[in-house]
file coords_27.txt (compact mmCIF, C-alpha atoms and all ligand atoms)
# COMPACT_ATOMS: atom_id res chain seq x y z
CA MET A 1 66.53 -83.77 45.67
CA PRO A 2 63.11 -84.30 43.97
CA ARG A 3 62.85 -87.50 41.94
CA LYS A 4 62.70 -87.20 38.13
CA TYR A 5 61.50 -89.89 35.72
CA PRO A 6 63.04 -90.42 32.27
CA PHE A 7 60.69 -89.89 29.32
CA THR A 8 58.39 -92.76 28.29
CA PRO A 9 55.62 -92.42 25.68
CA ILE A 10 52.95 -94.37 27.62
CA LEU A 11 49.96 -92.23 28.63
CA GLY A 12 49.89 -90.83 32.15
CA TRP A 13 46.73 -90.46 34.24
CA SER A 14 45.81 -87.02 35.57
CA VAL A 15 42.60 -85.65 37.07
CA SER A 16 42.06 -83.41 34.03
CA ARG A 17 42.91 -86.11 31.46
CA TYR A 18 40.47 -88.60 32.92
CA GLU A 19 37.77 -85.93 33.35
CA LYS A 20 38.06 -85.04 29.65
CA PHE A 21 37.98 -88.75 28.70
CA ASP A 22 34.89 -89.23 30.82
CA LEU A 23 33.06 -86.17 29.47
CA CYS A 24 33.54 -86.67 25.73
CA LYS A 25 35.85 -89.19 24.06
CA ARG A 26 36.06 -87.10 20.90
CA TRP A 27 37.11 -83.96 22.82
CA TYR A 28 39.72 -86.12 24.57
CA TYR A 29 40.96 -87.39 21.19
CA TYR A 30 41.34 -83.87 19.82
CA ASP A 31 43.18 -82.72 22.93
CA TYR A 32 45.58 -85.63 23.29
CA TYR A 33 45.94 -87.39 19.94
CA ALA A 34 44.76 -85.40 16.93
CA ARG A 35 48.00 -83.43 16.44
CA LYS A 36 49.95 -86.59 15.60
CA HIS A 37 47.25 -88.98 14.41
CA ASP A 38 44.29 -87.21 12.80
CA GLU A 39 44.68 -86.94 9.04
CA ASP A 40 41.18 -85.48 8.56
CA VAL A 41 41.99 -82.11 10.10
CA SER A 42 44.68 -79.65 9.08
CA PRO A 43 47.40 -78.95 11.67
CA GLN A 44 46.74 -75.21 11.24
CA ASP A 45 43.02 -75.59 12.01
CA LEU A 46 43.79 -77.79 14.99
CA THR A 47 46.36 -75.33 16.37
CA PHE A 48 43.91 -72.48 15.88
CA LEU A 49 41.00 -74.19 17.65
CA ARG A 50 43.24 -75.39 20.46
CA SER A 51 44.39 -71.79 21.00
CA LEU A 52 40.84 -70.51 21.61
CA THR A 53 40.44 -69.37 25.17
CA SER A 54 37.42 -68.63 27.35
CA ALA A 55 36.48 -66.04 29.94
CA SER A 56 36.76 -68.48 32.84
CA LEU A 57 40.13 -69.76 31.63
CA GLU A 58 41.51 -66.25 31.40
CA ILE A 59 40.25 -65.36 34.88
CA GLY A 60 42.15 -68.40 36.19
CA ASN A 61 45.27 -67.53 34.19
CA ALA A 62 45.35 -63.91 35.35
CA VAL A 63 44.81 -64.84 39.02
CA HIS A 64 47.41 -67.64 38.96
CA ASP A 65 50.01 -65.52 37.15
CA THR A 66 49.45 -62.58 39.48
CA ILE A 67 49.79 -64.69 42.63
CA ALA A 68 52.91 -66.44 41.26
CA THR A 69 54.48 -63.03 40.49
CA LEU A 70 53.55 -61.78 43.96
CA LEU A 71 55.11 -64.84 45.61
CA HIS A 72 58.31 -64.46 43.57
CA ARG A 73 58.45 -60.81 44.64
CA LEU A 74 57.99 -61.83 48.31
CA LYS A 75 60.81 -64.32 47.93
CA LYS A 76 63.13 -61.54 46.78
CA SER A 77 62.08 -58.75 49.11
CA ILE A 78 60.01 -58.41 52.27
CA SER A 79 59.05 -54.77 51.64
CA PRO A 80 55.25 -54.37 51.95
CA ILE A 81 53.11 -55.40 49.01
CA ASP A 82 51.12 -52.61 47.38
CA THR A 83 47.85 -54.44 46.72
CA GLU A 84 46.58 -51.68 44.40
CA GLN A 85 49.64 -52.20 42.25
CA VAL A 86 49.01 -55.95 42.23
CA LEU A 87 45.42 -55.37 41.08
CA SER A 88 46.60 -53.06 38.34
CA TYR A 89 49.14 -55.69 37.23
CA SER A 90 46.33 -58.26 37.03
CA SER A 91 44.31 -55.82 34.88
CA SER A 92 47.25 -55.51 32.51
CA LEU A 93 47.27 -59.30 32.16
CA VAL A 94 43.58 -59.25 31.26
CA ASP A 95 44.24 -56.48 28.71
CA ARG A 96 47.01 -58.56 27.17
CA ALA A 97 44.76 -61.61 26.90
CA MET A 98 41.95 -59.53 25.37
CA GLU A 99 44.35 -58.17 22.74
CA SER A 100 46.17 -61.35 21.85
CA LYS A 101 43.63 -64.16 22.22
CA ILE A 102 40.40 -65.25 20.58
CA PHE A 103 37.61 -66.22 22.96
CA LEU A 104 35.55 -69.26 22.02
CA GLU A 105 32.36 -67.58 23.26
CA VAL A 106 32.84 -64.94 20.53
CA TYR A 107 34.22 -67.29 17.87
CA TYR A 108 31.20 -69.58 18.16
CA GLY A 109 28.74 -66.69 18.38
CA GLN A 110 27.52 -67.22 21.96
CA ARG A 111 28.49 -63.64 22.76
CA GLU A 112 29.13 -60.63 20.58
CA THR A 113 32.07 -59.52 22.64
CA ILE A 114 33.88 -60.20 25.92
CA ASP A 115 33.49 -57.51 28.53
CA GLY A 116 37.07 -56.75 29.63
CA ALA A 117 35.88 -54.64 32.59
CA ASP A 118 33.82 -57.57 33.88
CA LEU A 119 36.81 -59.93 33.58
CA LYS A 120 38.99 -57.46 35.49
CA ASP A 121 36.32 -57.18 38.21
CA ARG A 122 36.15 -60.95 38.58
CA VAL A 123 39.94 -61.28 38.68
CA GLY A 124 40.12 -58.39 41.17
CA SER A 125 37.48 -59.98 43.38
CA CYS A 126 39.46 -63.26 43.51
CA LEU A 127 42.63 -61.36 44.40
CA LYS A 128 40.84 -59.33 47.09
CA ASN A 129 39.62 -62.60 48.60
CA PHE A 130 43.23 -63.79 48.52
CA PHE A 131 44.44 -60.61 50.30
CA GLY A 132 41.72 -61.07 52.91
CA SER A 133 42.54 -64.72 53.56
CA ARG A 134 44.43 -66.24 56.48
CA TRP A 135 46.82 -67.65 53.90
CA TYR A 136 47.88 -64.24 52.67
CA GLU A 137 48.36 -63.09 56.26
CA TRP A 138 50.44 -66.16 56.92
CA LEU A 139 52.52 -65.83 53.71
CA THR A 140 53.38 -62.21 54.43
CA GLY A 141 54.06 -62.87 58.12
CA GLU A 142 54.89 -66.14 59.77
CA ALA A 143 56.08 -67.81 56.54
CA ILE A 144 58.53 -65.09 55.53
CA PRO A 145 61.64 -66.47 57.32
CA SER A 146 61.47 -69.74 55.34
CA ARG A 147 60.65 -68.15 51.97
CA SER A 148 63.93 -69.23 50.36
CA SER A 149 62.55 -72.79 50.24
CA TRP A 150 59.25 -71.86 48.56
CA ILE A 151 58.67 -73.67 45.25
CA ILE A 152 56.31 -71.58 43.13
CA GLU A 153 54.62 -73.27 40.16
CA PRO A 154 57.32 -75.88 39.52
CA GLY A 155 58.20 -75.71 35.82
CA ASP A 156 57.81 -79.44 35.05
CA TYR A 157 54.66 -81.43 34.23
CA GLY A 158 54.46 -82.97 37.69
CA GLU A 159 55.14 -86.53 36.53
CA MET A 160 54.96 -89.19 39.24
CA ARG A 161 54.01 -92.83 39.76
CA ILE A 162 50.96 -94.16 41.58
CA ASN A 163 51.49 -97.84 42.34
CA GLY A 164 53.91 -97.97 39.41
CA LEU A 165 51.56 -96.26 36.91
CA LYS A 166 52.49 -93.00 35.26
CA ALA A 167 50.46 -90.04 36.50
CA TYR A 168 50.68 -86.25 36.51
CA CYS A 169 49.87 -83.82 39.26
CA LYS A 170 50.78 -80.18 38.84
CA VAL A 171 50.94 -78.16 42.03
CA ASP A 172 50.75 -74.36 42.36
CA PHE A 173 52.92 -73.81 45.40
CA LEU A 174 54.75 -76.03 47.86
CA PHE A 175 57.15 -75.50 50.71
CA PRO A 176 58.51 -77.27 53.78
CA THR A 177 57.05 -75.98 57.06
CA THR A 178 59.03 -75.33 60.24
CA GLU A 179 57.47 -78.47 61.81
CA GLY A 180 59.16 -80.53 59.08
CA ASN A 181 56.00 -81.14 57.04
CA LEU A 182 55.36 -80.30 53.40
CA CYS A 183 52.56 -77.87 52.62
CA ILE A 184 50.92 -77.70 49.18
CA LEU A 185 48.59 -74.80 48.34
CA ASP A 186 46.38 -74.71 45.28
CA TRP A 187 44.26 -71.72 44.20
CA LYS A 188 40.88 -72.23 42.54
CA THR A 189 38.95 -69.49 40.80
CA GLY A 190 35.96 -71.62 39.79
CA LYS A 191 33.15 -73.20 41.78
CA VAL A 192 33.61 -74.85 45.16
CA ASP A 193 33.54 -78.60 44.50
CA HIS A 194 34.78 -80.58 47.49
CA PRO A 195 34.45 -84.16 46.14
CA ARG A 196 36.32 -83.29 42.93
CA HIS A 197 39.01 -81.32 44.74
CA ARG A 198 39.51 -83.95 47.44
CA ARG A 199 40.53 -86.31 44.63
CA GLN A 200 43.00 -83.74 43.42
CA MET A 201 44.37 -83.35 46.94
CA MET A 202 44.94 -87.09 47.22
CA GLY A 203 46.98 -86.75 44.03
CA TYR A 204 49.05 -84.03 45.70
CA VAL A 205 49.72 -86.20 48.73
CA LEU A 206 50.84 -89.11 46.54
CA TYR A 207 52.95 -86.70 44.47
CA ALA A 208 54.73 -85.46 47.60
CA ARG A 209 55.28 -89.03 48.74
CA ASP A 210 56.71 -90.16 45.41
CA ILE A 211 58.61 -87.09 44.23
CA CYS A 212 59.68 -85.42 47.48
CA ASN A 213 59.92 -88.59 49.56
CA VAL A 214 57.65 -87.25 52.31
CA ALA A 215 55.32 -89.54 54.26
CA ALA A 216 51.62 -89.01 53.51
CA ASP A 217 50.84 -87.93 57.08
CA GLU A 218 53.49 -85.21 56.81
CA VAL A 219 51.81 -83.52 53.85
CA LYS A 220 49.28 -80.76 54.31
CA ALA A 221 47.33 -80.07 51.13
CA VAL A 222 45.00 -77.07 50.96
CA ILE A 223 42.68 -75.87 48.22
CA ILE A 224 41.99 -72.13 48.51
CA TYR A 225 38.78 -71.03 46.79
CA LEU A 226 39.23 -67.48 45.62
CA SER A 227 35.76 -67.00 44.18
CA GLU A 228 34.44 -66.88 47.76
CA PRO A 229 35.83 -65.04 50.79
CA ASN A 230 37.56 -67.23 53.39
CA GLU A 231 36.73 -70.54 51.77
CA ASP A 232 39.27 -73.32 51.74
CA LEU A 233 39.48 -77.07 51.94
CA GLU A 234 42.07 -78.74 54.09
CA SER A 235 41.97 -82.51 54.35
CA SER A 236 44.08 -85.32 55.62
CA PHE A 237 43.76 -88.84 54.26
CA SER A 238 44.08 -92.25 55.83
CA GLU A 239 46.26 -94.93 54.20
CA GLY A 240 43.02 -96.75 53.33
CA GLU A 241 41.64 -93.73 51.44
CA LEU A 242 44.92 -93.27 49.57
CA SER A 243 45.09 -96.87 48.55
CA GLU A 244 41.43 -96.79 47.42
CA PHE A 245 42.28 -93.70 45.36
CA ALA A 246 45.34 -95.46 43.86
CA GLY A 247 43.02 -98.35 42.89
CA GLN A 248 40.66 -95.91 41.18
CA VAL A 249 43.58 -94.35 39.28
CA ALA A 250 44.58 -97.84 38.08
CA LYS A 251 41.00 -98.55 36.93
CA GLU A 252 40.73 -95.22 35.11
CA THR A 253 44.14 -95.72 33.48
CA GLN A 254 43.01 -99.15 32.21
CA GLU A 255 39.87 -97.55 30.77
CA MET A 256 42.01 -95.05 28.83
CA TYR A 257 44.44 -97.80 27.73
CA ARG A 258 41.50 -99.55 26.02
CA TYR A 259 41.39 -96.67 23.53
CA CYS A 260 45.03 -97.24 22.54
CA GLU A 261 46.12 -99.45 19.68
CA ASP A 262 49.61 -99.56 21.16
CA ILE A 263 49.59 -98.89 24.89
CA GLU A 264 53.37 -98.61 25.39
CA GLU A 265 53.73 -96.11 22.53
CA ASN A 266 50.43 -94.37 23.34
CA ILE A 267 49.09 -94.76 19.81
CA PRO A 268 45.31 -94.31 19.75
CA ARG A 269 42.72 -96.37 17.94
CA PRO A 270 41.28 -94.54 14.91
CA LYS A 271 39.17 -91.46 15.64
CA ARG A 272 35.88 -93.29 14.99
CA PHE A 273 36.44 -95.22 18.24
CA PHE A 274 36.18 -91.94 20.18
CA PRO A 275 32.44 -91.10 20.09
CA LYS A 276 31.07 -87.59 20.32
CA GLN A 277 29.05 -86.78 23.40
CA VAL A 278 26.91 -84.02 21.93
CA GLY A 279 25.14 -81.98 24.60
CA ARG A 280 25.42 -79.09 27.01
CA LEU A 281 29.19 -79.51 27.20
CA CYS A 282 29.71 -78.59 23.56
CA ALA A 283 29.19 -74.94 24.55
CA TYR A 284 32.56 -75.08 26.34
CA CYS A 285 34.46 -77.09 23.71
CA ASN A 286 37.10 -75.67 21.36
CA TYR A 287 36.44 -78.28 18.67
CA ARG A 288 32.78 -77.66 17.85
CA GLU A 289 33.76 -76.62 14.34
CA PHE A 290 35.26 -80.06 13.64
CA CYS A 291 32.27 -81.89 15.05
CA GLU A 292 29.76 -79.79 13.16
CA SER A 293 31.57 -80.21 9.84
CA GLU A 294 32.12 -83.99 10.09
CA PRO A 295 30.08 -85.92 7.50
CA GLU A 296 27.15 -87.91 8.89
CA GLU A 297 28.42 -91.21 7.49
CA LYS A 298 31.48 -91.23 9.79
CA ARG A 299 29.73 -93.13 12.52
CA ALA A 300 31.32 -93.91 15.84
CA VAL A 301 32.46 -97.44 16.65
CA THR A 302 32.24 -98.83 20.16
CA CYS A 303 35.50 -99.63 21.90
CA PRO A 304 35.73 -103.20 23.24
S1 LIG B 401 31.81 -80.32 20.27
FE1 LIG B 401 30.76 -81.62 21.74
S2 LIG B 401 30.76 -83.65 20.81
FE2 LIG B 401 32.30 -82.45 19.73
S3 LIG B 401 34.19 -82.87 20.76
FE3 LIG B 401 33.35 -81.08 21.69
S4 LIG B 401 32.18 -81.81 23.45
FE4 LIG B 401 32.55 -83.55 22.12
call {"tool": "encode", "arguments": {"input": "coords_27.txt", "output": "structure tokens"}}
result
Amino acid sequence: MPRKYPFTPILGWSVSRYEKFDLCKRWYYYDYYARKHDEDVSPQDLTFLRSLTSASLEIGNAVHDTIATLLHRLKKSISPIDTEQVLSYSSSLVDRAMESKIFLEVYYGQRETIDGADLKDRVGSCLKNFFGSRWYEWLTGEAIPSRSSWIIEPGDYGEMRINGLKAYCKVDFLFPTTEGNLCILDWKTGKVDHPRHRRQMMGYVLYARDICNVAADEVKAVIIYLSEPNEDLESSFSEGELSEFAGQVAKETQEMYRYCEDIEENIPRPKRFFPKQVGRLCAYCNYREFCESEPEEKRAVTCP
């Protein structure tokens, strides 16, 4: 039975949370704190800006949703998969996103419009790489007899503990193998980035150890890059590497705690303690409108 932790308000480390914190403190504030603590912005404006999507996000969403649907279908029935039908399903997801969502590239005037056909092509190319991969061959062949134990996109937030500190690690797909190990697969639709993804994989291994009670050397974590044909990253980690990683998580958690007025309740310092990091990144940020409209006199304050 996987372990579950009762709710606590204290902040939890995750790869994406710390990356956001590291990139721009103000972006981090808007993502994690503004809804409850920012009186300068209206909740409606915040909800609207948060809902903006982007082309790369929607490619990832369509690919992940399509693969999850395909895996659920394989769990129910072993009749052959019609890959053309899968591609057409993924196109319908792109159509739905185009109809129902506002893209930040258009909202902020970087592009006049989003080319739906191009998005479908890019989603289709990721899925074709998936169909051509050894993992697809394995999932539709050797892995079929044990499919009842597949866990596809677990519905929780992936809460765990790393050396007693709260952390989150959300996995795409995990299952026990016939050799008694636990395998975790994660699909990526963006750029190949081994150092960044190795960190994420160490998180998966520690997640499996904490939540599923599986020894680290019995976990096989694999990142499958779908933007390239036959590209994946499979790593194993020594106890030394895992404990160094746990130390880094502790250091990064402490850094984020310093921006809290009340650590246990996860109450942030005032917004002025979260400086803007204006630069190239702003092109990808939902909250540009807030930053651009903020009066000059609201200067940032350095956090101790
Ligand atoms: S627009 Fe730029 S400075 Fe403002 S929050 Fe976003 S990334 Fe930070």
call {"tool": "closest_residue", "arguments": {"input": "coords_27.txt", "among": "A:Phe48, A:Leu74, A:Ile151, A:Lys220", "to": "Ile102 of chain A", "atoms": "only C-alpha atoms"}}
result
A:Phe48
call {"tool": "atom_distance", "arguments": {"input": "coords_27.txt", "atom1": "atom CA of Asp95 of chain A", "atom2": "atom CA of His64 of chain A"}}
result
15.5 Å
call {"tool": "residues_near_ligand", "arguments": {"input": "coords_27.txt", "ligand": "ligand LIG 401 (chain B)", "cutoff": "8 Å", "atoms": "all atoms listed in the file", "output": "number ranges by chain"}}
result
A: 23-28, 30, 275-292
call {"tool": "write_last_selection", "arguments": {"input": "coords_27.txt", "atoms": "C-alpha atoms", "output": "mmCIF file, in the frame of the given file"}}
result
data_model
loop_
_atom_site.group_PDB
_atom_site.id
_atom_site.type_symbol
_atom_site.label_atom_id
_atom_site.label_comp_id
_atom_site.auth_asym_id
_atom_site.auth_seq_id
_atom_site.Cartn_x
_atom_site.Cartn_y
_atom_site.Cartn_z
ATOM 1 C CA LEU A 23 33.060 -86.170 29.470
ATOM 2 C CA CYS A 24 33.540 -86.670 25.730
ATOM 3 C CA LYS A 25 35.850 -89.190 24.060
ATOM 4 C CA ARG A 26 36.060 -87.100 20.900
ATOM 5 C CA TRP A 27 37.110 -83.960 22.820
ATOM 6 C CA TYR A 28 39.720 -86.120 24.570
ATOM 7 C CA TYR A 30 41.340 -83.870 19.820
ATOM 8 C CA PRO A 275 32.440 -91.100 20.090
ATOM 9 C CA LYS A 276 31.070 -87.590 20.320
ATOM 10 C CA GLN A 277 29.050 -86.780 23.400
ATOM 11 C CA VAL A 278 26.910 -84.020 21.930
ATOM 12 C CA GLY A 279 25.140 -81.980 24.600
ATOM 13 C CA ARG A 280 25.420 -79.090 27.010
ATOM 14 C CA LEU A 281 29.190 -79.510 27.200
ATOM 15 C CA CYS A 282 29.710 -78.590 23.560
ATOM 16 C CA ALA A 283 29.190 -74.940 24.550
ATOM 17 C CA TYR A 284 32.560 -75.080 26.340
ATOM 18 C CA CYS A 285 34.460 -77.090 23.710
ATOM 19 C CA ASN A 286 37.100 -75.670 21.360
ATOM 20 C CA TYR A 287 36.440 -78.280 18.670
ATOM 21 C CA ARG A 288 32.780 -77.660 17.850
ATOM 22 C CA GLU A 289 33.760 -76.620 14.340
ATOM 23 C CA PHE A 290 35.260 -80.060 13.640
ATOM 24 C CA CYS A 291 32.270 -81.890 15.050
ATOM 25 C CA GLU A 292 29.760 -79.790 13.160
#
call {"tool": "atom_distance", "arguments": {"input": "coords_27.txt", "atom1": "atom CA of Cys260 of chain A", "atom2": "atom CA of Glu159 of chain A"}}
result
20.3 Å
call {"tool": "closest_residue", "arguments": {"input": "coords_27.txt", "among": "A:Asp217, A:Leu71, A:Arg111, A:Lys120", "to": "Tyr89 of chain A", "atoms": "only C-alpha atoms"}}
result
A:Lys120
call {"tool": "atom_distance", "arguments": {"input": "coords_27.txt", "atom1": "atom CA of Ser236 of chain A", "atom2": "atom CA of Val214 of chain A"}}
result
14.1 Å
call {"tool": "residues_near_point", "arguments": {"input": "coords_27.txt", "point": "(48.6, -81.4, 36.2)", "cutoff": "7 Å", "atoms": "only C-alpha atoms", "output": "PDB file with C-alpha atoms, in the frame of the given file"}}
result
ATOM      1  CA  SER A  14      45.810 -87.020  35.570  1.00  0.00           C
ATOM      2  CA  TYR A 157      54.660 -81.430  34.230  1.00  0.00           C
ATOM      3  CA  GLY A 158      54.460 -82.970  37.690  1.00  0.00           C
ATOM      4  CA  TYR A 168      50.680 -86.250  36.510  1.00  0.00           C
ATOM      5  CA  CYS A 169      49.870 -83.820  39.260  1.00  0.00           C
ATOM      6  CA  LYS A 170      50.780 -80.180  38.840  1.00  0.00           C
TER       7      LYS A 170
END
call {"tool": "axis_aligned_box", "arguments": {"input": "coords_27.txt", "around": "segment 54-60 of chain A", "padding_each_side": "8 Å", "output": "AutoDock Vina command-line options"}}
result
--center_x 39.3 --center_y -67.6 --center_z 31.8 --size_x 21.7 --size_y 20.4 --size_z 24.8
call {"tool": "residues_near_point", "arguments": {"input": "coords_27.txt", "point": "(48.9, -89.9, 16.2)", "cutoff": "10 Å", "atoms": "only C-alpha atoms", "output": "JSON, numbers by chain"}}
result
{"A": [29, 32, 33, 34, 35, 36, 37, 38, 39, 266, 267, 268, 269, 270, 271]}
call {"tool": "write_last_selection", "arguments": {"input": "coords_27.txt", "atoms": "C-alpha atoms", "output": "PDB file, in the frame of the given file"}}
result
ATOM      1  CA  TYR A  29      40.960 -87.390  21.190  1.00  0.00           C
ATOM      2  CA  TYR A  32      45.580 -85.630  23.290  1.00  0.00           C
ATOM      3  CA  TYR A  33      45.940 -87.390  19.940  1.00  0.00           C
ATOM      4  CA  ALA A  34      44.760 -85.400  16.930  1.00  0.00           C
ATOM      5  CA  ARG A  35      48.000 -83.430  16.440  1.00  0.00           C
ATOM      6  CA  LYS A  36      49.950 -86.590  15.600  1.00  0.00           C
ATOM      7  CA  HIS A  37      47.250 -88.980  14.410  1.00  0.00           C
ATOM      8  CA  ASP A  38      44.290 -87.210  12.800  1.00  0.00           C
ATOM      9  CA  GLU A  39      44.680 -86.940   9.040  1.00  0.00           C
ATOM     10  CA  ASN A 266      50.430 -94.370  23.340  1.00  0.00           C
ATOM     11  CA  ILE A 267      49.090 -94.760  19.810  1.00  0.00           C
ATOM     12  CA  PRO A 268      45.310 -94.310  19.750  1.00  0.00           C
ATOM     13  CA  ARG A 269      42.720 -96.370  17.940  1.00  0.00           C
ATOM     14  CA  PRO A 270      41.280 -94.540  14.910  1.00  0.00           C
ATOM     15  CA  LYS A 271      39.170 -91.460  15.640  1.00  0.00           C
TER      16      LYS A 271
END
call {"tool": "closest_residue", "arguments": {"input": "coords_27.txt", "among": "A:Lys128, A:Arg147, A:Arg161, A:Lys251", "to": "Thr177 of chain A", "atoms": "only C-alpha atoms"}}
result
A:Arg147
call {"tool": "residues_around", "arguments": {"input": "coords_27.txt", "residues": "Leu70 of chain A", "least_positions_apart": "2", "cutoff": "12 Å", "atoms": "only C-alpha atoms", "output": "ChimeraX atom specification"}}
result
/A:63-68,72-83,85-87,89-90,127,130-131,136,139-140,152
call {"tool": "residues_around", "arguments": {"input": "coords_27.txt", "residues": "Ser146 of chain A", "least_positions_apart": "5", "cutoff": "9 Å", "atoms": "all atoms listed in the file", "output": "list in words"}}
result
Phe175, Pro176, Thr177 and Thr178 of chain A
